[in-house]
>>> print(open('entry.cif').read())   # mmCIF, C-alpha atoms
data_entry
loop_
_atom_site.label_atom_id
_atom_site.label_comp_id
_atom_site.auth_asym_id
_atom_site.auth_seq_id
_atom_site.Cartn_x
_atom_site.Cartn_y
_atom_site.Cartn_z
CA MET A 1 -10.11 -30.29 -52.31
CA ARG A 2 -8.37 -27.36 -50.74
CA ALA A 3 -7.45 -27.11 -47.05
CA VAL A 4 -6.30 -23.85 -45.55
CA LEU A 5 -4.24 -24.26 -42.37
CA ILE A 6 -4.25 -21.19 -40.15
CA ASN A 7 -1.65 -20.71 -37.45
CA GLY A 8 -3.25 -18.45 -34.82
CA SER A 9 -0.17 -18.09 -32.63
CA PRO A 10 1.33 -14.60 -32.44
CA LYS A 11 4.78 -16.20 -32.21
CA VAL A 12 6.82 -15.76 -35.36
CA LYS A 13 8.61 -19.08 -34.81
CA ASP A 14 8.77 -22.03 -32.43
CA SER A 15 5.05 -22.17 -31.70
CA ALA A 16 3.25 -25.36 -30.71
CA SER A 17 0.58 -24.38 -33.22
CA ALA A 18 3.15 -24.53 -36.05
CA VAL A 19 4.27 -28.02 -34.95
CA LEU A 20 0.66 -29.22 -34.80
CA LEU A 21 -0.14 -27.79 -38.24
CA GLY A 22 3.04 -29.35 -39.63
CA LYS A 23 1.61 -32.70 -38.59
CA VAL A 24 -1.80 -31.84 -40.04
CA LYS A 25 -0.12 -31.01 -43.35
CA GLU A 26 1.83 -34.27 -43.30
CA LEU A 27 -1.32 -36.24 -42.47
CA PHE A 28 -3.34 -34.65 -45.28
CA GLY A 29 -0.47 -35.61 -47.58
CA SER A 30 -1.52 -35.60 -51.18
CA ARG A 31 -5.22 -35.87 -50.32
CA CYS A 32 -5.56 -32.07 -50.26
CA GLU A 33 -4.13 -28.99 -51.82
CA ILE A 34 -2.73 -27.07 -48.83
CA GLU A 35 -2.50 -23.34 -48.17
CA GLU A 36 -0.75 -22.16 -45.01
CA LEU A 37 -1.59 -18.85 -43.33
CA HIS A 38 -0.23 -17.26 -40.18
CA PHE A 39 -2.37 -14.74 -38.32
CA LYS A 40 0.10 -12.88 -36.10
CA LYS A 41 -1.73 -9.55 -36.13
CA ALA A 42 -5.28 -8.45 -35.45
CA SER A 43 -6.40 -8.22 -39.08
CA VAL A 44 -6.57 -10.45 -42.16
CA SER A 45 -4.87 -9.28 -45.35
CA GLU A 46 -6.78 -9.25 -48.61
CA GLU A 47 -4.44 -11.87 -49.95
CA ASP A 48 -5.18 -14.22 -47.04
CA MET A 49 -8.91 -13.50 -47.29
CA ALA A 50 -8.83 -14.54 -50.96
CA LYS A 51 -7.24 -17.86 -49.95
CA LEU A 52 -9.87 -18.44 -47.26
CA LYS A 53 -12.55 -17.83 -49.86
CA GLU A 54 -11.29 -20.85 -51.82
CA ALA A 55 -11.17 -23.18 -48.81
CA ASP A 56 -13.16 -26.40 -48.57
CA VAL A 57 -11.66 -26.99 -45.13
CA MET A 58 -10.08 -24.58 -42.65
CA VAL A 59 -7.97 -25.87 -39.76
CA PHE A 60 -7.18 -23.31 -37.06
CA ALA A 61 -4.38 -24.12 -34.61
CA TYR A 62 -4.02 -21.69 -31.74
CA PRO A 63 -2.82 -21.41 -28.17
CA LEU A 64 -5.17 -21.11 -25.19
CA TYR A 65 -4.97 -17.52 -23.93
CA VAL A 66 -6.68 -16.75 -20.63
CA ASP A 67 -9.05 -19.68 -21.18
CA GLY A 68 -10.14 -18.40 -24.58
CA ILE A 69 -8.93 -17.45 -28.03
CA PRO A 70 -6.02 -14.95 -28.30
CA GLY A 71 -7.41 -11.43 -28.76
CA HIS A 72 -5.72 -10.84 -32.12
CA LEU A 73 -7.14 -14.09 -33.54
CA LEU A 74 -10.61 -13.18 -32.29
CA SER A 75 -10.25 -9.92 -34.21
CA CYS A 76 -9.29 -11.86 -37.37
CA LEU A 77 -12.34 -14.11 -36.96
CA MET A 78 -14.58 -11.03 -36.80
CA HIS A 79 -13.00 -9.71 -40.01
CA ILE A 80 -13.70 -13.01 -41.73
CA GLU A 81 -17.31 -13.01 -40.56
CA LYS A 82 -17.75 -9.43 -41.79
CA ALA A 83 -16.20 -10.31 -45.17
CA GLY A 84 -19.14 -12.69 -45.72
CA LEU A 85 -17.24 -15.36 -47.64
CA GLN A 86 -19.47 -17.41 -49.90
CA ASN A 87 -17.89 -20.84 -49.43
CA ARG A 88 -20.75 -21.82 -47.16
CA ASP A 89 -20.03 -25.53 -47.17
CA ALA A 90 -16.49 -25.11 -45.83
CA LEU A 91 -15.78 -27.17 -42.72
CA ILE A 92 -13.98 -25.58 -39.79
CA TYR A 93 -11.73 -27.58 -37.47
CA GLY A 94 -9.88 -26.25 -34.44
CA VAL A 95 -6.77 -27.50 -32.63
CA CYS A 96 -6.28 -25.56 -29.41
CA ASN A 97 -3.17 -26.24 -27.34
CA CYS A 98 -2.96 -25.28 -23.70
CA GLY A 99 0.00 -25.00 -21.36
CA PHE A 100 -1.97 -27.02 -18.84
CA TYR A 101 -1.68 -30.77 -18.85
CA GLU A 102 -5.38 -31.40 -19.46
CA GLY A 103 -6.59 -30.78 -23.00
CA ILE A 104 -10.14 -30.37 -21.68
CA GLN A 105 -9.14 -26.91 -20.44
CA ALA A 106 -9.40 -25.80 -24.09
CA GLU A 107 -13.13 -26.56 -24.12
CA ALA A 108 -14.33 -22.93 -23.98
CA ALA A 109 -11.76 -21.85 -26.58
CA LEU A 110 -13.07 -24.54 -28.96
CA GLY A 111 -16.63 -23.45 -28.15
CA ILE A 112 -15.78 -19.90 -29.23
CA LEU A 113 -14.43 -21.14 -32.59
CA LYS A 114 -17.54 -23.30 -33.05
CA ASN A 115 -19.84 -20.35 -32.32
CA TRP A 116 -17.88 -18.27 -34.82
CA SER A 117 -18.06 -20.93 -37.52
CA ILE A 118 -21.85 -21.02 -37.22
CA LYS A 119 -22.24 -17.23 -37.16
CA ALA A 120 -19.90 -16.81 -40.13
CA GLY A 121 -22.01 -19.32 -42.05
CA PHE A 122 -19.59 -22.24 -42.21
CA ILE A 123 -19.96 -25.80 -40.91
CA TRP A 124 -18.33 -26.79 -37.64
CA GLY A 125 -16.13 -29.84 -38.16
CA GLY A 126 -15.00 -30.27 -34.55
CA GLY A 127 -11.97 -29.64 -32.46
CA ILE A 128 -9.11 -31.12 -30.49
CA GLY A 129 -8.04 -29.77 -27.11
CA VAL A 130 -4.34 -30.48 -26.69
CA GLY A 131 -2.82 -30.60 -23.21
CA GLY A 132 0.84 -30.15 -22.39
CA GLY A 133 1.35 -27.62 -25.17
CA GLY A 134 4.24 -25.99 -23.33
CA CYS A 135 6.64 -28.72 -24.39
CA ILE A 136 5.41 -29.40 -27.93
CA ALA A 137 7.74 -26.96 -29.69
CA MET A 138 10.71 -28.26 -27.66
CA LEU A 139 10.35 -31.96 -28.39
CA PRO A 140 12.80 -33.49 -30.84
CA LYS A 141 11.40 -34.46 -34.23
CA ILE A 142 9.90 -37.91 -33.83
CA PRO A 143 7.86 -39.69 -36.52
CA THR A 144 4.15 -38.90 -36.29
CA GLY A 145 2.29 -41.48 -34.22
CA LYS A 146 5.25 -42.26 -31.99
CA GLY A 147 6.80 -40.82 -28.83
CA PRO A 148 5.36 -38.21 -26.44
CA MET A 149 3.00 -36.85 -29.12
CA ALA A 150 1.46 -40.24 -30.00
CA SER A 151 -1.96 -39.62 -28.38
CA ILE A 152 -2.22 -36.17 -29.95
CA ASP A 153 -1.12 -37.52 -33.34
CA LYS A 154 -3.85 -40.15 -33.17
CA GLU A 155 -6.49 -37.44 -32.78
CA LEU A 156 -4.93 -35.41 -35.61
CA MET A 157 -5.04 -38.50 -37.87
CA GLN A 158 -8.74 -38.98 -37.10
CA MET A 159 -9.45 -35.30 -37.65
CA THR A 160 -7.68 -35.14 -41.02
CA ASP A 161 -9.47 -38.31 -42.15
CA ASN A 162 -12.78 -36.71 -41.16
CA ALA A 163 -11.86 -33.50 -42.97
CA VAL A 164 -11.07 -35.39 -46.19
CA ASN A 165 -14.44 -37.14 -45.90
CA LYS A 166 -16.12 -33.81 -45.07
CA ALA A 167 -17.37 -35.31 -41.81
CA SER A 168 -17.86 -33.51 -38.53
CA GLN A 169 -16.69 -34.94 -35.21
CA ASP A 170 -17.25 -34.28 -31.53
CA ASN A 171 -14.49 -32.40 -29.74
CA ARG A 172 -11.69 -34.68 -28.63
CA TYR A 173 -9.07 -34.12 -25.95
CA ALA A 174 -5.54 -35.47 -25.68
CA ASN A 175 -2.30 -34.65 -23.94
CA VAL A 176 1.40 -35.33 -24.23
CA ASN A 177 2.40 -38.83 -23.15
CA MET A 178 4.32 -38.10 -19.98
CA PRO A 179 3.21 -38.19 -16.35
CA ARG A 180 1.69 -34.94 -15.13
CA PHE A 181 4.28 -34.46 -12.37
CA VAL A 182 7.10 -34.80 -14.92
CA TYR A 183 5.52 -32.17 -17.17
CA LYS A 184 5.01 -29.87 -14.15
CA GLN A 185 8.61 -30.33 -13.02
CA ALA A 186 9.99 -29.75 -16.51
CA ALA A 187 7.99 -26.53 -16.85
CA GLN A 188 9.25 -25.23 -13.50
CA MET A 189 12.84 -26.00 -14.47
CA GLY A 190 12.29 -24.27 -17.79
CA TRP A 191 11.08 -21.04 -16.15
CA ARG A 192 14.10 -21.02 -13.84
CA GLN A 193 16.49 -21.46 -16.75
CA ALA A 194 14.71 -18.76 -18.74
CA ILE A 195 14.80 -16.17 -15.96
CA LYS A 196 18.47 -16.87 -15.24
CA SER A 197 19.33 -16.45 -18.91
CA ASN A 198 17.81 -12.96 -18.58
CA GLY A 199 20.25 -12.12 -15.76
CA LEU A 200 17.69 -12.51 -12.97
CA LYS A 201 17.46 -14.99 -10.12
CA ALA A 202 14.98 -17.83 -9.67
CA LYS A 203 13.36 -16.01 -6.75
CA ASP A 204 12.58 -13.09 -9.08
CA LEU A 205 9.84 -15.28 -10.56
CA ASP A 206 7.89 -14.40 -7.38
CA ARG A 207 8.21 -10.62 -7.75
CA ARG A 208 5.22 -8.45 -6.94
CA PRO A 209 5.97 -5.13 -8.63
CA GLU A 210 4.33 -1.92 -7.39
CA MET B 14 -10.37 -1.79 -5.51
CA LYS B 15 -12.77 -2.82 -8.30
CA LEU B 16 -11.09 -3.12 -11.67
CA LEU B 17 -13.35 -2.53 -14.63
CA ILE B 18 -12.29 -3.31 -18.19
CA THR B 19 -14.65 -2.23 -20.94
CA ASP B 20 -14.87 -1.61 -24.66
CA ILE B 21 -17.77 0.85 -24.24
CA GLU B 22 -16.50 4.36 -25.09
CA ASN B 23 -18.56 6.40 -22.66
CA PHE B 24 -18.89 4.10 -19.71
CA ASP B 25 -19.34 5.90 -16.41
CA ILE B 26 -18.23 4.45 -13.11
CA PRO B 27 -18.90 5.66 -9.57
CA GLN B 28 -16.44 8.35 -8.46
CA GLY B 29 -13.84 7.56 -5.85
CA ASP B 30 -10.74 5.54 -5.19
CA ASP B 31 -12.57 2.25 -5.12
CA TYR B 32 -12.67 1.89 -8.90
CA LYS B 33 -10.15 1.74 -11.66
CA LEU B 34 -11.39 1.84 -15.24
CA ILE B 35 -9.40 0.50 -18.17
CA LYS B 36 -10.88 1.42 -21.53
CA ALA B 37 -10.07 -1.02 -24.27
CA ASN B 38 -9.43 0.83 -27.48
CA GLY B 39 -7.82 0.24 -30.84
CA ASP B 40 -4.41 1.37 -29.61
CA ILE B 41 -3.73 -1.76 -27.59
CA ARG B 42 -1.15 -4.15 -28.94
CA ASN B 43 -1.76 -7.87 -28.70
CA CYS B 44 0.19 -10.29 -26.51
CA ILE B 45 3.04 -11.78 -28.53
CA GLY B 46 3.50 -14.86 -26.35
CA CYS B 47 7.03 -13.88 -25.26
CA PHE B 48 6.50 -14.67 -21.54
CA GLY B 49 8.57 -11.56 -20.74
CA CYS B 50 6.00 -10.76 -18.03
CA TRP B 51 7.14 -13.94 -16.27
CA VAL B 52 10.88 -14.06 -17.00
CA LYS B 53 12.10 -10.56 -18.05
CA THR B 54 10.09 -8.06 -16.02
CA PRO B 55 8.25 -10.46 -13.68
CA GLY B 56 4.77 -9.14 -12.88
CA LYS B 57 4.61 -6.60 -15.71
CA CYS B 58 4.13 -6.83 -19.49
CA VAL B 59 7.17 -5.82 -21.55
CA ILE B 60 5.15 -3.92 -24.20
CA ASN B 61 5.12 -0.27 -23.14
CA ASP B 62 1.90 1.03 -24.63
CA GLY B 63 0.04 1.98 -21.47
CA PHE B 64 -1.57 -1.45 -21.14
CA ASP B 65 1.40 -3.07 -19.42
CA ARG B 66 0.31 -2.81 -15.77
CA THR B 67 -3.01 -4.66 -15.74
CA GLY B 68 -1.38 -7.66 -14.06
CA ILE B 69 -0.30 -5.38 -11.21
CA ASP B 70 -3.81 -3.88 -10.99
CA LEU B 71 -5.29 -7.38 -10.78
CA GLY B 72 -3.01 -8.02 -7.79
CA LYS B 73 -4.64 -5.09 -5.98
CA CYS B 74 -8.29 -5.63 -6.76
CA THR B 75 -11.08 -7.50 -5.04
CA GLU B 76 -13.33 -7.49 -8.09
CA LEU B 77 -12.72 -7.75 -11.82
CA ILE B 78 -15.66 -6.52 -13.87
CA LEU B 79 -15.58 -7.16 -17.62
CA VAL B 80 -18.05 -5.09 -19.62
CA SER B 81 -17.82 -6.17 -23.22
CA ARG B 82 -19.47 -6.95 -26.50
CA CYS B 83 -20.05 -10.70 -26.62
CA CYS B 84 -18.07 -12.12 -29.54
CA TYR B 85 -18.92 -15.79 -30.13
CA GLY B 86 -19.05 -16.34 -26.35
CA SER B 87 -15.84 -14.42 -25.65
CA THR B 88 -15.14 -10.89 -24.56
CA SER B 89 -14.37 -8.62 -27.52
CA PRO B 90 -10.92 -8.57 -29.16
CA ALA B 91 -9.81 -5.35 -27.41
CA VAL B 92 -10.96 -6.48 -23.95
CA LYS B 93 -9.44 -9.90 -24.56
CA MET B 94 -6.11 -8.36 -25.58
CA ILE B 95 -6.03 -6.55 -22.22
CA GLN B 96 -6.80 -9.83 -20.44
CA ASP B 97 -4.10 -11.60 -22.48
CA ARG B 98 -1.56 -8.90 -21.56
CA ALA B 99 -2.22 -9.45 -17.83
CA ILE B 100 -1.21 -13.08 -17.27
CA SER B 101 1.52 -11.85 -14.95
CA TYR B 102 -1.22 -11.72 -12.28
CA ILE B 103 -0.52 -15.42 -11.94
CA HIS B 104 2.83 -17.16 -11.46
CA PRO B 105 4.33 -19.33 -14.23
CA ASP B 106 4.64 -22.37 -11.92
CA PHE B 107 1.85 -24.91 -11.86
CA VAL B 108 -0.21 -26.23 -8.95
CA ILE B 109 -2.92 -28.89 -8.90
CA ARG B 110 -6.30 -27.60 -7.69
CA ASN B 111 -9.43 -29.77 -7.69
CA GLY B 112 -7.57 -32.38 -9.70
CA GLU B 113 -6.60 -30.00 -12.51
CA MET B 114 -3.43 -28.15 -13.36
CA HIS B 115 -3.58 -24.39 -12.85
CA HIS B 116 -1.06 -21.64 -12.29
CA LYS B 117 0.26 -20.82 -8.86
CA ARG B 118 -0.78 -17.57 -7.24
CA ARG B 119 1.57 -14.58 -7.40
CA TYR B 120 -0.64 -12.49 -5.10
CA ASP B 121 -2.85 -13.31 -2.10
CA ASN B 122 -5.98 -11.41 -3.16
CA VAL B 123 -9.08 -13.35 -4.11
CA ILE B 124 -10.85 -11.77 -7.07
CA THR B 125 -14.57 -11.98 -7.71
CA VAL B 126 -14.95 -12.02 -11.49
CA SER B 127 -18.11 -10.66 -13.12
CA ALA B 128 -18.88 -10.20 -16.78
CA TYR B 129 -21.60 -8.09 -18.39
CA PHE B 130 -21.96 -8.83 -22.08
CA TYR B 131 -23.91 -6.93 -24.71
CA GLY B 132 -24.85 -7.64 -28.32
CA ASP B 133 -28.04 -7.76 -30.38
CA ASP B 134 -27.74 -11.35 -31.53
CA ILE B 135 -26.14 -13.33 -28.70
CA THR B 136 -27.16 -16.97 -29.19
CA GLU B 137 -27.92 -19.45 -26.41
CA ALA B 138 -24.75 -21.38 -27.35
CA GLU B 139 -22.70 -18.20 -27.02
CA LYS B 140 -24.20 -17.52 -23.59
CA GLU B 141 -23.29 -21.01 -22.49
CA THR B 142 -19.72 -20.65 -23.82
CA ALA B 143 -19.35 -17.26 -22.13
CA GLY B 144 -20.48 -18.73 -18.80
CA ASN B 145 -17.96 -21.56 -19.15
CA LEU B 146 -15.22 -19.11 -20.15
CA ILE B 147 -15.75 -16.89 -17.10
CA GLN B 148 -15.89 -19.93 -14.79
CA SER B 149 -12.58 -21.16 -16.28
CA ILE B 150 -11.01 -17.75 -15.64
CA VAL B 151 -12.26 -17.92 -12.04
CA ASP B 152 -10.69 -21.37 -11.68
CA ASN B 153 -7.37 -20.23 -13.07
CA TYR B 154 -7.28 -17.03 -10.98
CA ASP B 155 -8.30 -19.11 -7.94
CA GLY B 156 -11.03 -16.51 -7.50
CA LYS B 157 -14.79 -16.39 -7.04
CA LEU B 158 -17.59 -16.20 -9.57
CA GLY B 159 -19.66 -13.02 -9.53
CA ASN B 160 -22.40 -12.13 -12.03
CA VAL B 161 -22.52 -13.15 -15.67
CA ALA B 162 -25.30 -11.33 -17.54
CA PHE B 163 -26.29 -10.48 -21.10
CA TYR B 164 -27.92 -7.38 -22.58
CA LYS B 165 -29.21 -6.55 -26.05
CA SER B 166 -27.22 -3.32 -26.34
CA ALA B 167 -24.59 -1.25 -24.59
CA GLU B 168 -27.34 1.27 -23.74
CA GLU B 169 -29.51 -1.36 -22.08
CA LEU B 170 -26.46 -2.63 -20.18
CA LYS B 171 -25.56 0.85 -18.95
CA ALA B 172 -29.14 1.47 -17.81
CA GLU B 173 -29.51 -1.80 -15.95
CA VAL B 174 -26.11 -2.64 -14.45
CA THR B 175 -25.45 -1.24 -11.00
CA LEU B 176 -21.84 -1.44 -9.95
#
>>> encode(input="entry.cif", output="structure tokens")
Amino acid sequence: MRAVLINGSPKVKDSASAVLLGKVKELFGSRCEIEELHFKKASVSEEDMAKLKEADVMVFAYPLYVDGIPGHLLSCLMHIEKAGLQNRDALIYGVCNCGFYEGIQAEAALGILKNWSIKAGFIWGGGIGVGGGGCIAMLPKIPTGKGPMASIDKELMQMTDNAVNKASQDNRYANVNMPRFVYKQAAQMGWRQAIKSNGLKAKDLDRRPE
Amino acid sequence: MKLLITDIENFDIPQGDDYKLIKANGDIRNCIGCFGCWVKTPGKCVINDGFDRTGIDLGKCTELILVSRCCYGSTSPAVKMIQDRAISYIHPDFVIRNGEMHHKRRYDNVITVSAYFYGDDITEAEKETAGNLIQSIVDNYDGKLGNVAFYKSAEELKAEVTL
């Protein structure tokens, strides 16, 4: 069986979506033949479309953008629907990571992918809403199933098992294993470091340009 | 000011200073997730293609009106790209509101968000998703919910929606 993993982050590198798909790939192991695609722009190349056409399973990993799917990825989904791929029994899974602590905030963004999968004629396999996505790409490499990603890894394990068995699941929600106030503090420190490294001051975060 | 973002080519709005219309077209570039609008040019997108000031416009408006094709329960790609490019309306820091993490306000204005969707085959599931999506945007903008309505075509929408 062939699984196509689609990174829907526009970031060329260091995206949480890439980390999550890396784990999905590891968890599929030798149970699937894996193809990896990265949709950074608003259209799907013919080469990528040909790979999607061969998929038994598609796993989309993408960031939450303004409570929904990033605009460029939405455009790619419309292209796929229009292409009318014939692999009608392909299962679609979604892993949406949000900067917020609560994975449930990805609910609408998973709903959009589900609605697409039905309209494009595929089968909805289910999704995972991942909370605390802001720190995922920054965490050191820790074995899957351990450390701050353990709860998320557990859901990814279940999802990949379901995908191998061609079984659908209800949406699941998980977040990084650290207290919410720690995550909030770390994010605020991160923004202050980032703005200072750009030669600005912490108070410039509050700017209201005219 | 009422800020209207639409993907309908020939959408007319009432004359006057009370409205600003942003037409979503194929020229818009998508957000690249760089967070420059928070940490390089705070409040403004770093991509200079004419769609870099929507975050500033949001800070001045009392109403945000999205007029868009309904795509799987979302606004259309072009409208969504404009929304994505305007996250500088909010501040990168987090606050907890109603038990959930959201972004802090950058501005004091409270926006009433309305969405008018069109499309000839909008399913009930898509309508439900769209309603949830707009409510989530309201929650994250710390705004108010206006109208969410669905029409079979852009023509029907234009004939029936009064701004």
>>> resolve_selection(input="entry.cif", expression="the PyMOL selection byres ((chain B) within 8 of (chain A))", output="ChimeraX atom specification")
/B:43-47,51-53,55-57,69,85-87,89-94,96-97,100,104-107,113-115,119-120,138-139,142-143,145-146,149-150
>>> resolve_selection(input="entry.cif", expression="the PyMOL selection byres ((chain A and resi 16) around 9)", output="PyMOL selection string")
chain A and resi 9+14-15+17-21+61-63+97+133-138
>>> resolve_selection(input="entry.cif", expression="the PyMOL selection byres ((chain B and resi 61) around 12)", output="number ranges by chain")
B: 40-44, 50, 54, 57-60, 62-67, 98
>>> write_last_selection(input="entry.cif", atoms="C-alpha atoms", output="mmCIF file, in the frame of the given file")
data_model
loop_
_atom_site.group_PDB
_atom_site.id
_atom_site.type_symbol
_atom_site.label_atom_id
_atom_site.label_comp_id
_atom_site.auth_asym_id
_atom_site.auth_seq_id
_atom_site.Cartn_x
_atom_site.Cartn_y
_atom_site.Cartn_z
ATOM 1 C CA ASP B 40 -4.410 1.370 -29.610
ATOM 2 C CA ILE B 41 -3.730 -1.760 -27.590
ATOM 3 C CA ARG B 42 -1.150 -4.150 -28.940
ATOM 4 C CA ASN B 43 -1.760 -7.870 -28.700
ATOM 5 C CA CYS B 44 0.190 -10.290 -26.510
ATOM 6 C CA CYS B 50 6.000 -10.760 -18.030
ATOM 7 C CA THR B 54 10.090 -8.060 -16.020
ATOM 8 C CA LYS B 57 4.610 -6.600 -15.710
ATOM 9 C CA CYS B 58 4.130 -6.830 -19.490
ATOM 10 C CA VAL B 59 7.170 -5.820 -21.550
ATOM 11 C CA ILE B 60 5.150 -3.920 -24.200
ATOM 12 C CA ASP B 62 1.900 1.030 -24.630
ATOM 13 C CA GLY B 63 0.040 1.980 -21.470
ATOM 14 C CA PHE B 64 -1.570 -1.450 -21.140
ATOM 15 C CA ASP B 65 1.400 -3.070 -19.420
ATOM 16 C CA ARG B 66 0.310 -2.810 -15.770
ATOM 17 C CA THR B 67 -3.010 -4.660 -15.740
ATOM 18 C CA ARG B 98 -1.560 -8.900 -21.560
#
>>> atom_distance(input="entry.cif", atom1="atom CA of A:Met49", atom2="atom CA of A:Ser30")
23.6 Å
>>> atom_distance(input="entry.cif", atom1="atom CA of A:Val59", atom2="atom CA of A:Gly103")
17.5 Å
